[in-house]
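To keep things clear, I will list the structure first and then write my remarks on it.
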Amino acid sequence: MNHIKSVCVYSASSTKISEDYFQAARQLGQLLAQRQMRLVNGAGCLGLMCACADACLAEGGQVTGVIPRFMIEQGWHHTGLTELIITEDMHTRKQTMARLSDAAIALPGGCGTLEELLEIITWKQLGIYLKPVVILNINGYYDPLLQMLEKAVEEHFMRPEHQAIWHVAHTPEEALDLLEEIPMWNKEVRKFAAI
């Protein structure tokens, strides 16, 4: 079993999305707090990012937000987090979020969330990030992406063993359970190794 102390959660900042996604974000935040796992996110003050953070904090949890300076200047940051880390750019933001986390979960989101998820998958494929990655597929949101990844394997853009880089959950509870069960990624052979 992995000992997960902090979880990076990628998620949307949109406020015009289905309530189902907000419910999942809030439940994930509550469960992180209950399991004494620190939430690491992009420190946004809107959408699923905010909902997950607020639920975690309300349950007595800890939240570290990481955000670039230009977003602070726009007033896009959450002002009530346990810790706020300001970076100089987006690249450093993503590196910091990955460095501070023991695992990553992707809630539904737009281009930014998709980019973060695909980058962390790429980092894991390259052996840069060896930790668990879970796609939280609420209402089948990620079905098209998962089909695209399967096609990449079928067409030999990725090796079959690379499909073990990510795992798919359909509820926040399932996502957190998976984090504790997924073996660490072995960067030498790009396959799982016992820890």
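Ordering of the structure tokens sets the chain letters (A, B, ...), residue numbers begin anew at 1 in every chain, and ligands are numbered from 1 in the order given.
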
(request) Considering only C-alpha atoms, return as a ChimeraX atom specification whatever protein or nucleic-acid residues lie within 12 Å of Leu32 (chain A), sequence-local ones (same chain, fewer than 3 positions apart) excluded. (result) /A:4-9,25-29,35-40,52-63,105,172-173,175-177,179

(request) With a distance cut-off of 12 Å and only C-alpha atoms, select the neighbouring residues of Leu149 (chain A), excluding the residue or stretch itself and same-chain residues fewer than 3 positions from it, and output the selection as a PyMOL selection string. (result) chain A and resi 118+121-122+142-146+152-160+162-166

(message) I need the strand (DSSP E) residues of region 56-153 of chain A per DSSP on the backbone, written as a list in words.
(response)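 Result set for region 56-153 of chain A (strand (DSSP E)): Val63, Thr64, Gly65, Val66, Ile67, Pro68, Glu83, Leu84, Ile85, Ile86, Thr87, Ala103, Ala104, Ile105, Ala106, Val133, Val134, Ile135 and Leu136 of chain A.
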
Keeping only all heavy atoms, write those residues as a tab-separated table (two decimals), in the first residue's frame.
```tsv
chain	number	residue	atom	x	y	z
A	63	VAL	N	-5.00	22.61	2.52
A	63	VAL	CA	-4.96	22.86	1.08
A	63	VAL	C	-3.78	23.78	0.74
A	63	VAL	O	-3.67	24.88	1.29
A	63	VAL	CB	-6.26	23.53	0.57
A	63	VAL	CG1	-6.18	23.73	-0.95
A	63	VAL	CG2	-7.47	22.69	0.94
A	64	THR	N	-2.93	23.30	-0.15
A	64	THR	CA	-1.85	24.11	-0.69
A	64	THR	C	-2.20	24.48	-2.12
A	64	THR	O	-2.41	23.60	-2.96
A	64	THR	CB	-0.51	23.35	-0.67
A	64	THR	OG1	-0.13	23.10	0.69
A	64	THR	CG2	0.59	24.16	-1.36
A	65	GLY	N	-2.29	25.76	-2.39
A	65	GLY	CA	-2.56	26.24	-3.74
A	65	GLY	C	-1.30	26.79	-4.37
A	65	GLY	O	-0.50	27.45	-3.70
A	66	VAL	N	-1.13	26.50	-5.66
A	66	VAL	CA	0.05	26.96	-6.40
A	66	VAL	C	-0.44	27.74	-7.62
A	66	VAL	O	-1.20	27.22	-8.43
A	66	VAL	CB	0.92	25.77	-6.85
A	66	VAL	CG1	2.21	26.27	-7.50
A	66	VAL	CG2	1.24	24.85	-5.67
A	67	ILE	N	-0.01	28.99	-7.73
A	67	ILE	CA	-0.56	29.85	-8.77
A	67	ILE	C	0.50	30.84	-9.27
A	67	ILE	O	1.30	31.33	-8.48
A	67	ILE	CB	-1.80	30.61	-8.22
A	67	ILE	CG1	-2.60	31.27	-9.33
A	67	ILE	CG2	-1.42	31.58	-7.13
A	67	ILE	CD1	-3.99	31.71	-8.89
A	68	PRO	N	0.52	31.10	-10.57
A	68	PRO	CA	1.50	32.07	-11.09
A	68	PRO	C	1.13	33.50	-10.73
A	68	PRO	O	-0.05	33.84	-10.54
A	68	PRO	CB	1.46	31.84	-12.60
A	68	PRO	CG	0.16	31.19	-12.88
A	68	PRO	CD	-0.22	30.44	-11.64
A	83	GLU	N	-2.12	27.28	2.56
A	83	GLU	CA	-0.83	27.76	2.06
A	83	GLU	C	-1.00	28.18	0.60
A	83	GLU	O	-1.66	27.49	-0.17
A	83	GLU	CB	0.22	26.64	2.15
A	83	GLU	CG	1.59	27.01	1.65
A	83	GLU	CD	2.57	25.84	1.71
A	83	GLU	OE1	2.12	24.68	1.71
A	83	GLU	OE2	3.79	26.10	1.73
A	84	LEU	N	-0.41	29.31	0.24
A	84	LEU	CA	-0.45	29.79	-1.14
A	84	LEU	C	0.98	29.97	-1.62
A	84	LEU	O	1.75	30.73	-1.04
A	84	LEU	CB	-1.22	31.11	-1.23
A	84	LEU	CG	-1.43	31.66	-2.64
A	84	LEU	CD1	-2.38	30.77	-3.43
A	84	LEU	CD2	-1.97	33.09	-2.58
A	85	ILE	N	1.32	29.27	-2.68
A	85	ILE	CA	2.65	29.37	-3.28
A	85	ILE	C	2.53	30.09	-4.60
A	85	ILE	O	1.75	29.69	-5.48
A	85	ILE	CB	3.28	27.97	-3.48
A	85	ILE	CG1	3.45	27.27	-2.13
A	85	ILE	CG2	4.61	28.07	-4.22
A	85	ILE	CD1	3.89	25.82	-2.24
A	86	ILE	N	3.29	31.17	-4.75
A	86	ILE	CA	3.24	31.98	-5.97
A	86	ILE	C	4.46	31.66	-6.83
A	86	ILE	O	5.60	31.70	-6.34
A	86	ILE	CB	3.20	33.48	-5.63
A	86	ILE	CG1	1.99	33.79	-4.75
A	86	ILE	CG2	3.17	34.33	-6.90
A	86	ILE	CD1	1.98	35.18	-4.16
A	87	THR	N	4.21	31.32	-8.09
A	87	THR	CA	5.30	31.02	-9.02
A	87	THR	C	5.40	32.11	-10.07
A	87	THR	O	4.50	32.93	-10.22
A	87	THR	CB	5.08	29.65	-9.71
A	87	THR	OG1	3.90	29.73	-10.53
A	87	THR	CG2	4.92	28.55	-8.69
A	103	ALA	N	0.58	11.85	-5.42
A	103	ALA	CA	-0.30	11.25	-6.42
A	103	ALA	C	-1.06	12.37	-7.11
A	103	ALA	O	-1.07	13.51	-6.63
A	103	ALA	CB	-1.28	10.28	-5.78
A	104	ALA	N	-1.70	12.04	-8.24
A	104	ALA	CA	-2.48	13.03	-8.98
A	104	ALA	C	-3.84	12.46	-9.37
A	104	ALA	O	-3.95	11.29	-9.74
A	104	ALA	CB	-1.73	13.48	-10.23
A	105	ILE	N	-4.85	13.30	-9.26
A	105	ILE	CA	-6.22	12.96	-9.70
A	105	ILE	C	-6.70	14.05	-10.63
A	105	ILE	O	-6.52	15.25	-10.34
A	105	ILE	CB	-7.19	12.85	-8.50
A	105	ILE	CG1	-6.83	11.66	-7.61
A	105	ILE	CG2	-8.63	12.72	-8.99
A	105	ILE	CD1	-7.69	11.56	-6.35
A	106	ALA	N	-7.30	13.67	-11.74
A	106	ALA	CA	-7.89	14.65	-12.66
A	106	ALA	C	-9.40	14.58	-12.58
A	106	ALA	O	-10.01	13.57	-12.95
A	106	ALA	CB	-7.42	14.39	-14.08
A	133	VAL	N	-1.50	8.04	-10.91
A	133	VAL	CA	-2.31	9.00	-11.65
A	133	VAL	C	-3.68	8.39	-11.87
A	133	VAL	O	-3.79	7.30	-12.44
A	133	VAL	CB	-1.67	9.35	-13.01
A	133	VAL	CG1	-2.60	10.26	-13.82
A	133	VAL	CG2	-0.30	10.00	-12.82
A	134	VAL	N	-4.73	9.09	-11.41
A	134	VAL	CA	-6.09	8.59	-11.55
A	134	VAL	C	-6.94	9.60	-12.30
A	134	VAL	O	-6.93	10.79	-11.98
A	134	VAL	CB	-6.72	8.28	-10.17
A	134	VAL	CG1	-8.20	7.95	-10.32
A	134	VAL	CG2	-5.99	7.13	-9.50
A	135	ILE	N	-7.65	9.12	-13.30
A	135	ILE	CA	-8.61	9.93	-14.04
A	135	ILE	C	-9.98	9.69	-13.42
A	135	ILE	O	-10.48	8.57	-13.43
A	135	ILE	CB	-8.60	9.55	-15.52
A	135	ILE	CG1	-7.22	9.81	-16.13
A	135	ILE	CG2	-9.70	10.30	-16.28
A	135	ILE	CD1	-7.05	9.28	-17.54
A	136	LEU	N	-10.59	10.74	-12.87
A	136	LEU	CA	-11.90	10.62	-12.23
A	136	LEU	C	-12.96	10.90	-13.29
A	136	LEU	O	-13.26	12.05	-13.61
A	136	LEU	CB	-12.00	11.58	-11.04
A	136	LEU	CG	-13.24	11.51	-10.16
A	136	LEU	CD1	-13.69	10.08	-9.88
A	136	LEU	CD2	-13.01	12.26	-8.86
```

(message) as a list in words, please: every residue in region 78-140 of chain A that DSSP puts in alpha helix (DSSP H).
(response)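 Taking region 78-140 of chain A and keeping alpha helix (DSSP H) only, one gets Met90, His91, Thr92, Arg93, Lys94, Gln95, Thr96, Met97, Ala98, Arg99, Leu100, Cys111, Gly112, Thr113, Leu114, Glu115, Glu116, Leu117, Leu118, Glu119, Ile120, Ile121, Thr122, Trp123, Lys124, Gln125 and Leu126 of chain A.
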
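The space separating CA of Ala12 (chain A) from CA of Met90 (chain A) comes to 15.6 Å.
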
(request) Tell me, in Å to one decimal, how far CA of Asn139 (chain A) is from CA of Thr171 (chain A). (result)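 Taking CA of Asn139 (chain A) and CA of Thr171 (chain A), their separation equals 9.6 Å.
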
(request) Tell me which of A:Arg69, A:Ser13, A:Asn137, A:Gln125 sits closest to Gly112 (chain A), counting only C-alpha atoms. (result)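 For Gly112 (chain A), the nearest of the candidates is A:Ser13.
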
(request) Could you give me, as a ChimeraX atom specification, the residues within 10 Å of Glu181 (chain A), counting only C-alpha atoms and dropping anything in the same chain fewer than 6 positions from it? (result) /A:1-3,132

(request) Return the single residue from A:Leu130, A:Met97, A:Ala169, A:Cys45 that is closest to Ala24 (chain A), with distances computed using only C-alpha atoms. (result)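 Closest residue, counting only C-alpha atoms: A:Ala169.
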